[in-house]
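First the structure, in the form of C-alpha cells, and then the observations on it.
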Amino acid sequence: MSASEEDFKSTIAEYLESLPEQFSRRVFSNPAACLAIFRLLSTVGKQLIMSMLYLESPIKLQEVQQWARPEHQRTVKSKVHQLRKLHILVEDRGQVLLNAIFREQLRNALTGGGDFSSFGTPCSDGNVRVPVTLAGLAKYADERWEKILHFMVGQSGGETGGVALSESVRRILLESKLMEAEGSKGMRITNSGFQFLLQDVGAQVWTVLLQYLRLAEKQEMDVVEVLNFLFQLVSLQLGRGYSTEALTRNQRKMLGELADFGLMYLDERGGGRFYPTHMVTSLTSAAGAGESAERDGRRPGDSGPLAGDESSSAGRGRANGSRALAASAKQRSSELLSPSDKGYIVVETNCRVYAYTDSPLQIAILNLFVHLVSRFSNFVTGVLTRSSVRRALSHGITADQMIAFLSTHAHPQMQGSTPVLPVTVTDQIRLWEKEKNSLHQTESFLYREFNGRPAFERVYRYAQELNVIQWASMERQLLLVSLQGHAMISEHTKKVKEQQEKQQRQQQQRVQQ
C-alpha cells in the first residue's frame, strides 16, 4: 500500500472524526461499515481493538498503554486518542471501553453473525448465459478510469474513444477542483488536477469517494446511508454478482454514478445485478495490509483484520475474508496486469528516461514533467530537464510526487535495487524545486539619484516605518520598495516637496520685504 493511499485513508478518517456522535452510532449499526473502518485503521489501532473486542467492562487507560514497550507507549496513546475521536473508544474517568454498538457489529462481521444483508445479496451465476470474468471486470474498470484521466490531460479534445464523460463525472471533477470551467462548455485541468494525475489509482479513488460524500451533503442526501453503502461496496467480493432488488432509490442512483468511474459494473440481465471491480474492493482489502505488514517485518496474516476467520459461517461472512481478497488481488497482479502496469519506466543516472509503453495516457502523464525526445511503437525516450521539471512545479506538482510516480512505475529490474531511483536523479529534482521556491517574482520600485544624502535618509526612514523595504544600499543610496509602499512613499515625497517649495516661497517673500 503506497504512502499516498495511506494519506487518503487518513483523510477518510478525518471525515469520520468530523461526524457527530449520533451519526457515528448509525454508521456503527452496519457490520460492513464497522469492518471497513477497522481495516482502514493502522496496525496499532487494529491490535488495540482486537485486544478489547471481547471485554465487557472498562479497563484503565494506564493498563492499555502498558501493553506496549516504554518506547512505543506514546504511539499507543496517540492511537487511543484517534479511536476516541472516531467514537470507537469511550473514555470515562480514566477508563476506556469499545463503543457497545461498534463492538457488537464488528464481532458479527468477524464471526459471520448478525445481519448478513449489510454485505450485499449475492446472486448465483446459473441463469447468466455469459458469466462475468475477473479479466472482463478489470478491463471494464481500467477503460472507464483511463477515459477520465484522458479527459483530464486533454486527449481527443475532451473526449476519449468518441464517448463523452457523463454529467455526474463532470460534476465531481468540477466540485473537487480537479478541473475548472472554461468558456460556456469547456473544462480545463487545475493544479490540483495535475497532482491528482500523479497519484496511484487507490489514492485517486479515495479522492472521488470523499468528494462524492461532500456532494451528497450538498444534495441533502442521508450522509449515513451514503457512507454505509460505500462501506458495503468496499467490503464485497471481487468477481461475484450482487442483486439490486433490495437497494433503495438513492443506492441505485449511487451505483449508476459509481459505474461511470469504473468502480461498479451493472448487468441488467437476469433481474439486475452489479459486480464490484478491483478498484473498489482493493481499497480496504487484506492484500494491502499484507504488503504493509511485510514491510514491517511481519507475516501478512499475523494481525490481519480477519485472522482465524476461515471457520466462520461460510458463504457471505467468508466473502469478505482475507484469503478471498488476497487471492483475487494476487490473481489480478499476476494475470490481469499488462507489462506496462507492472512497471515500465527506466531512469538512468544522467536523468534519461525510458518508458516501455504504447499507452497514450501513460505517455501524456509522463510528458507532464519529462521532456520526450523520441517515440517508437512501444517505447518512449525522454530526459528530465530543468525546464520540464520547473514546468511541472509551476502546475503545482511537487518533487516528491514526481519521484513517487517514477518509483511506483519503475521497471521490475529497477525495483530490485535500493533505492529504486538513482540518488543523483532524486537529488537533482529536489534541487530544481528548491531553486524555484527560493526565487519569487515581486513587482517593486527602485529609488536612486537622490538629491543628496539627507533626502535619501528621509525617504529611507519613512519606508522603514512602513515596513515596505525589500532591499537597500546605504553607500550607493539605492532603495527598493514594494508596489504598495511605492504609492505611499510617492504621496509622502510629494507632500514633503510641496512643503519645501512653500517654505522657499515664504523665505523669498521675507527677503523681498
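Labeling convention for the C-alpha cells: chains A, B, ... as they appear, residues from 1 per chain, ligands from 1 in order of appearance.
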**Request:** Do a neighbour search on region 375-381 of chain A at 9 Å with only C-alpha atoms, toss out local chain neighbours closer than 4 positions, and write the hits as a ChimeraX atom specification.
**Result:** /A:352-359,363,371
Using only N, CA and C atoms, please write the residues we just selected to a file, as a CSV table (one decimal), in the first residue's frame.
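Wrote again_3.csv, looks like this:
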chain,number,residue,atom,x,y,z
A,352,ARG,N,18.2,10.5,-18.0
A,352,ARG,CA,17.5,10.0,-19.1
A,352,ARG,C,16.4,9.0,-18.7
A,353,VAL,N,15.3,9.0,-19.4
A,353,VAL,CA,14.1,8.2,-19.0
A,353,VAL,C,13.7,7.4,-20.2
A,354,TYR,N,13.5,6.1,-20.0
A,354,TYR,CA,13.0,5.2,-21.0
A,354,TYR,C,11.7,4.5,-20.5
A,355,ALA,N,10.6,4.6,-21.3
A,355,ALA,CA,9.3,4.1,-20.9
A,355,ALA,C,8.9,3.0,-21.9
A,356,TYR,N,8.7,1.8,-21.5
A,356,TYR,CA,8.3,0.7,-22.3
A,356,TYR,C,6.8,0.6,-22.3
A,357,THR,N,6.1,1.5,-23.1
A,357,THR,CA,4.7,1.5,-23.1
A,357,THR,C,4.2,2.1,-24.5
A,358,ASP,N,3.0,1.7,-24.8
A,358,ASP,CA,2.4,2.3,-26.0
A,358,ASP,C,1.1,3.0,-25.6
A,359,SER,N,0.8,3.2,-24.3
A,359,SER,CA,-0.4,3.8,-23.8
A,359,SER,C,-0.3,5.3,-24.0
A,363,ILE,N,1.9,8.0,-21.6
A,363,ILE,CA,2.9,8.9,-22.2
A,363,ILE,C,2.5,10.4,-21.9
A,371,HIS,N,10.8,15.7,-20.6
A,371,HIS,CA,10.9,16.2,-22.0
A,371,HIS,C,11.1,15.0,-22.9
Which residues are close to Val224 (chain A), i.e. within 8 Å by only C-alpha atoms, leaving aside same-chain residues fewer than 6 positions away? Reply as a PDB file with C-alpha atoms, in the first residue's frame.
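Output contents, as saved in around33.pdb:
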ATOM      1  CA  PHE A  23     -24.192   9.870  13.122  1.00  0.00           C
ATOM      2  CA  ARG A  26     -25.887   4.925  12.960  1.00  0.00           C
ATOM      3  CA  VAL A  27     -22.787   4.063  10.941  1.00  0.00           C
TER       4      VAL A  27
END
**Request:** Give the helix (DSSP H, G or I) residues of region 25-219 of chain A, as assigned by DSSP on the backbone, as a ChimeraX atom specification.
**Result:** /A:25-28,31-40,43-52,61-65,70-85,100-111,116-119,134-153,155-158,167-175,191-197,201-218
With 12 Å as the cut-off and only C-alpha atoms counted, what is the closest atom pair between each nearby residue of region 255-278 of chain A and region 181-201 of chain A? Distances in Å to one decimal, ordered by chain and number, as CSV.
residue,atom,partner,partner_atom,distance
A:Phe261,CA,A:Val201,CA,11.7
A:Gly262,CA,A:Val201,CA,11.7
A:Leu263,CA,A:Val201,CA,11.4
A:His278,CA,A:Val201,CA,10.7
**Request:** Please indicate the distance in Å from CA of Arg39 (chain A) to CA of Trp206 (chain A), rounded to one decimal place.
**Result:**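 Taking CA of Arg39 (chain A) and CA of Trp206 (chain A), their separation equals 14.4 Å.
When only C-alpha atoms are used to measure the gap to His486 (chain A), the shortest distance among A:Phe445, A:Glu498, A:Lys85, A:Ser394 belongs to A:Phe445.
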